[in-house]
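Student: Have a look at this one before I ask anything.
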Amino acid sequence: MTAFDLAIVGLGYVGMPLAKEATAAGMRVVGLDVDPRKVEALTSGRSYIDDLSDADLDEMLRSGFTATLDDAVLAASEVIVICVPTPLDDDRRPDLSAVEGAAKTIARRLKPGTLVVLESTTYPGTTDGLVRPLLETSGLVAGKDFHLAFSPERIDPGNPKYGLRNTPKVVGGYTPACRERAVAFYSRIVEQVVPVSGTREAEMAKLLENTYRHVNIALVNEMAIFCDELGIDLWEAIEAASTKPFGFQKFLPGPGVGGHCIPVDPSYLSFTVRRLGYPFRFVELAQEVNERMPAYVVARVQRLLNRHSKPVNGANVLLLGVTYKPDIADERETPALPIARRLLDLGARLSYLDPHVPVWSVDGVPVRRAGDLETAVQEADVTVLLQQHSAFDLGVVEEKGRLVLDTRGVLVENERVERL
């Protein structure tokens with residue numbers, strides 16, 4: 001079998017950017033996934049990742065990248081990086097089943113001298129307490145027979161400025177030698193590697209980053225609610241505060257938090273703290289505030305319609321943008337879903353428009369996709385701007401919309417347009 005410098009387990013939003021940069025660095029890279037649809041798409045040159053174009057994938061394939069369902073490739077790989085999903089279960093507890101499955105698969109193929117790195121976001125202690133024992137069922141010992149490290153992914157889909165290569169890479173090893181091996185590996189791919197003393201510190205760094213954002217977003221979201229009642233333009237206040245050159249970072253309110261990190265990662269940290277016997281009150285309060293925002297958006301829609309003598313029941317409601325952030329197709333944890341669910345429960349006739357989402361459904365019920373933007377906002381009793389995709393002509397929304405609720409603070413307010 002062909003020898004590989006790197007095998008990536010999990011070919012999603014984390015694994016594929018790593019594959020791209022490693023291939024560009026001249027490494028022999030193989031990607032392993034359990035989903036045959038992903039493997040078939042990649043082998044055929046069709047990318048399903050926002051930050052990876054078909055042209056990028058074609059270049060990777062020409063440079064030797066391959067995708068496979070066969071875990072035998074792990075035995076022929078010098079480095080194995082785990083990039084599998086770590087979601088929450090139905091009770092909002094960490095679901096590490098994919099990490100467990102990956103570690104068990106690797107253990108069956110692990111050979112001496114291999115470096116294994118976990119990049120999937122998780123709570124502190126996972127690399128040492130869960131992954132290491134599973135890998136050691138191979139009969140090999142971490143830190144002696146193979147190297148083990150944790151390096152949190154910092155992928156920001158759709159970010160035009162920062163990608164994997166120019167975003168500093170935090171690396172923590174099970175032993176100092178493990179860390180040195182991982183640092184040497186990542187130094188071939190990224191511009192700056194940030195070593196930390198152990199895997200737990202690296203695991204905590206990722207949770208701290210996103211918990212910081214989670215808490216501050218919750219702060220401005222709660223301020224948006226009471227500033228509306230006080231008649232204060234919070235958006236203007238935020239811009240004014242952001243002129244301070246020190247001690248302040250701008251965060252903006254919105255219809256809720258979405259994506260693969262902020263709605264999930266703080267819950268991993270809260271889970272860790274609760275195992276110590278007490279709650280992480282900041283995180284749990286932030287979760288409560290941010291999860292309240294979809295209901296608040298619907299309440300604002302109701303109020304806007306009521307002011308014009310229209311009930312939600314039977315009203316034509318248009319949602320503009322149903323992804324979790326601008327200019328990408330990623331719908332993970334999008335607040336558009338709970339908003340749509342509540343509007344449907346109230347009897348709204350729902351439609352949506354999103355250039356990145358050709359088909360959309362709520363709990364298995366298809367939602368009608370509007371066509372032309374101008375026609376759509378003119379026909380809707382109320383338009384809710386949930387995501388400011390660059391493809392949207394915001395001037396058309398302002399001028400042609402009958403009633404508009406702007407949850408992103410990008411429209412000019414008038415007698416028909418309200419901002420959150």
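Ordering of the structure tokens sets the chain letters (A, B, ...); residue numbers start at 1 within each chain; ligands are numbered from 1 in the order shown.
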For the contact check between region 251-276 of chain A and region 82-90 of chain A, emit one row per residue of region 251-276 of chain A within 10 Å, containing the shortest atom pair and the distance in Å rounded to one decimal, counting only C-alpha atoms, chain then rising number order, as JSON lines.
Tutor:
{"residue": "A:His260", "atom": "CA", "partner": "A:Pro87", "partner_atom": "CA", "distance": 8.1}
{"residue": "A:Cys261", "atom": "CA", "partner": "A:Pro87", "partner_atom": "CA", "distance": 9.3}
{"residue": "A:Pro263", "atom": "CA", "partner": "A:Leu88", "partner_atom": "CA", "distance": 9.4}
{"residue": "A:Val264", "atom": "CA", "partner": "A:Leu88", "partner_atom": "CA", "distance": 6.7}
{"residue": "A:Asp265", "atom": "CA", "partner": "A:Pro87", "partner_atom": "CA", "distance": 8.7}
{"residue": "A:Ser267", "atom": "CA", "partner": "A:Leu88", "partner_atom": "CA", "distance": 8.1}
{"residue": "A:Tyr268", "atom": "CA", "partner": "A:Leu88", "partner_atom": "CA", "distance": 8.4}
Student: From the DSSP assignment of the backbone, select every residue of region 90-157 of chain A that is strand (DSSP E), and format the answer as a list of chain:residue names.
Tutor: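 Everything in region 90-157 of chain A that counts as strand (DSSP E) is A:Leu115, A:Val116, A:Val117, A:Leu118, A:His147, A:Leu148, A:Ala149, A:Phe150.
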Student: Go ahead and write the selection's residues with C-alpha atoms as a short mmCIF file (atom, residue, chain, number, x, y, z; two decimals), in the first residue's frame.
Tutor:
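Output contents, as saved in part-v3.cif:
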data_model
loop_
_atom_site.label_atom_id
_atom_site.label_comp_id
_atom_site.auth_asym_id
_atom_site.auth_seq_id
_atom_site.Cartn_x
_atom_site.Cartn_y
_atom_site.Cartn_z
CA LEU A 115 1.66 10.67 15.74
CA VAL A 116 -2.06 10.80 16.56
CA VAL A 117 -3.66 14.25 17.02
CA LEU A 118 -7.19 15.02 18.11
CA HIS A 147 2.92 10.11 20.04
CA LEU A 148 -0.36 11.70 21.13
CA ALA A 149 -1.41 15.38 21.04
CA PHE A 150 -4.36 17.72 20.97
#
Student: Report as JSON lines the residues of region 105-216 of chain A within 9 Å of region 5-29 of chain A, each with its shortest atom pair and distance in Å (one decimal), using only C-alpha atoms, ordered by chain and increasing residue number.
Tutor:
{"residue": "A:Glu119", "atom": "CA", "partner": "A:Val14", "partner_atom": "CA", "distance": 8.2}
{"residue": "A:Ser120", "atom": "CA", "partner": "A:Val14", "partner_atom": "CA", "distance": 8.3}
{"residue": "A:Glu153", "atom": "CA", "partner": "A:Val14", "partner_atom": "CA", "distance": 6.7}
{"residue": "A:Arg154", "atom": "CA", "partner": "A:Val14", "partner_atom": "CA", "distance": 8.3}
{"residue": "A:Ile155", "atom": "CA", "partner": "A:Val14", "partner_atom": "CA", "distance": 6.4}
{"residue": "A:Pro157", "atom": "CA", "partner": "A:Tyr13", "partner_atom": "CA", "distance": 7.6}
{"residue": "A:Gly163", "atom": "CA", "partner": "A:Pro17", "partner_atom": "CA", "distance": 8.3}
{"residue": "A:Leu164", "atom": "CA", "partner": "A:Pro17", "partner_atom": "CA", "distance": 6.8}
{"residue": "A:Arg165", "atom": "CA", "partner": "A:Glu21", "partner_atom": "CA", "distance": 7.0}
{"residue": "A:Arg188", "atom": "CA", "partner": "A:Ala25", "partner_atom": "CA", "distance": 6.8}
{"residue": "A:Ile189", "atom": "CA", "partner": "A:Ala22", "partner_atom": "CA", "distance": 5.9}
{"residue": "A:Val190", "atom": "CA", "partner": "A:Glu21", "partner_atom": "CA", "distance": 8.2}
Student: Give me, as a PyMOL selection string, the residues of region 237-333 of chain A that a backbone DSSP run labels helix (DSSP H, G or I).
Tutor: chain A and resi 237-241+265-274+281-307
Student: Once you have the residues from the selection above, write them out as a compact mmCIF listing (two decimals), in the first residue's frame, restricted to C-alpha atoms.
Tutor:
# COMPACT_ATOMS: atom_id res chain seq x y z
CA ALA A 237 -24.33 52.90 21.13
CA ILE A 238 -22.18 49.93 20.12
CA GLU A 239 -20.55 51.88 17.30
CA ALA A 240 -19.86 54.75 19.67
CA ALA A 241 -18.34 52.44 22.28
CA ASP A 265 -18.49 24.46 22.87
CA PRO A 266 -19.58 26.31 26.04
CA SER A 267 -21.83 23.36 26.89
CA TYR A 268 -18.73 21.14 26.86
CA LEU A 269 -17.10 23.48 29.37
CA SER A 270 -20.25 23.64 31.50
CA PHE A 271 -20.37 19.82 31.47
CA THR A 272 -16.82 19.70 32.79
CA VAL A 273 -17.53 22.16 35.60
CA ARG A 274 -20.73 20.39 36.63
CA ARG A 281 -23.32 30.16 35.95
CA PHE A 282 -21.88 32.54 33.35
CA VAL A 283 -22.12 29.95 30.58
CA GLU A 284 -25.56 28.72 31.57
CA LEU A 285 -26.93 32.25 31.78
CA ALA A 286 -25.44 33.10 28.39
CA GLN A 287 -26.99 29.93 26.96
CA GLU A 288 -30.36 30.96 28.38
CA VAL A 289 -30.15 34.46 26.88
CA ASN A 290 -28.97 33.33 23.45
CA GLU A 291 -31.54 30.54 23.24
CA ARG A 292 -34.22 33.11 24.06
CA MET A 293 -33.44 35.23 21.00
CA PRO A 294 -35.43 33.25 18.39
CA ALA A 295 -38.55 33.62 20.56
CA TYR A 296 -37.82 37.32 20.93
CA VAL A 297 -37.47 37.72 17.15
CA VAL A 298 -40.88 36.09 16.66
CA ALA A 299 -42.36 38.36 19.33
CA ARG A 300 -40.98 41.37 17.44
CA VAL A 301 -42.54 40.04 14.22
CA GLN A 302 -45.87 39.76 16.01
CA ARG A 303 -45.57 43.29 17.35
CA LEU A 304 -44.64 44.70 13.97
CA LEU A 305 -47.63 43.04 12.31
CA ASN A 306 -49.98 44.05 15.15
CA ARG A 307 -49.03 47.69 14.71
Student: Would you list the contacts of Glu59 (chain A) as a PyMOL selection string, taking every protein, DNA or RNA residue within 10 Å and counting only C-alpha atoms, but skipping same-chain residues closer than 3 positions in sequence?
Tutor: chain A and resi 20+23-24+45+53-56+62-65
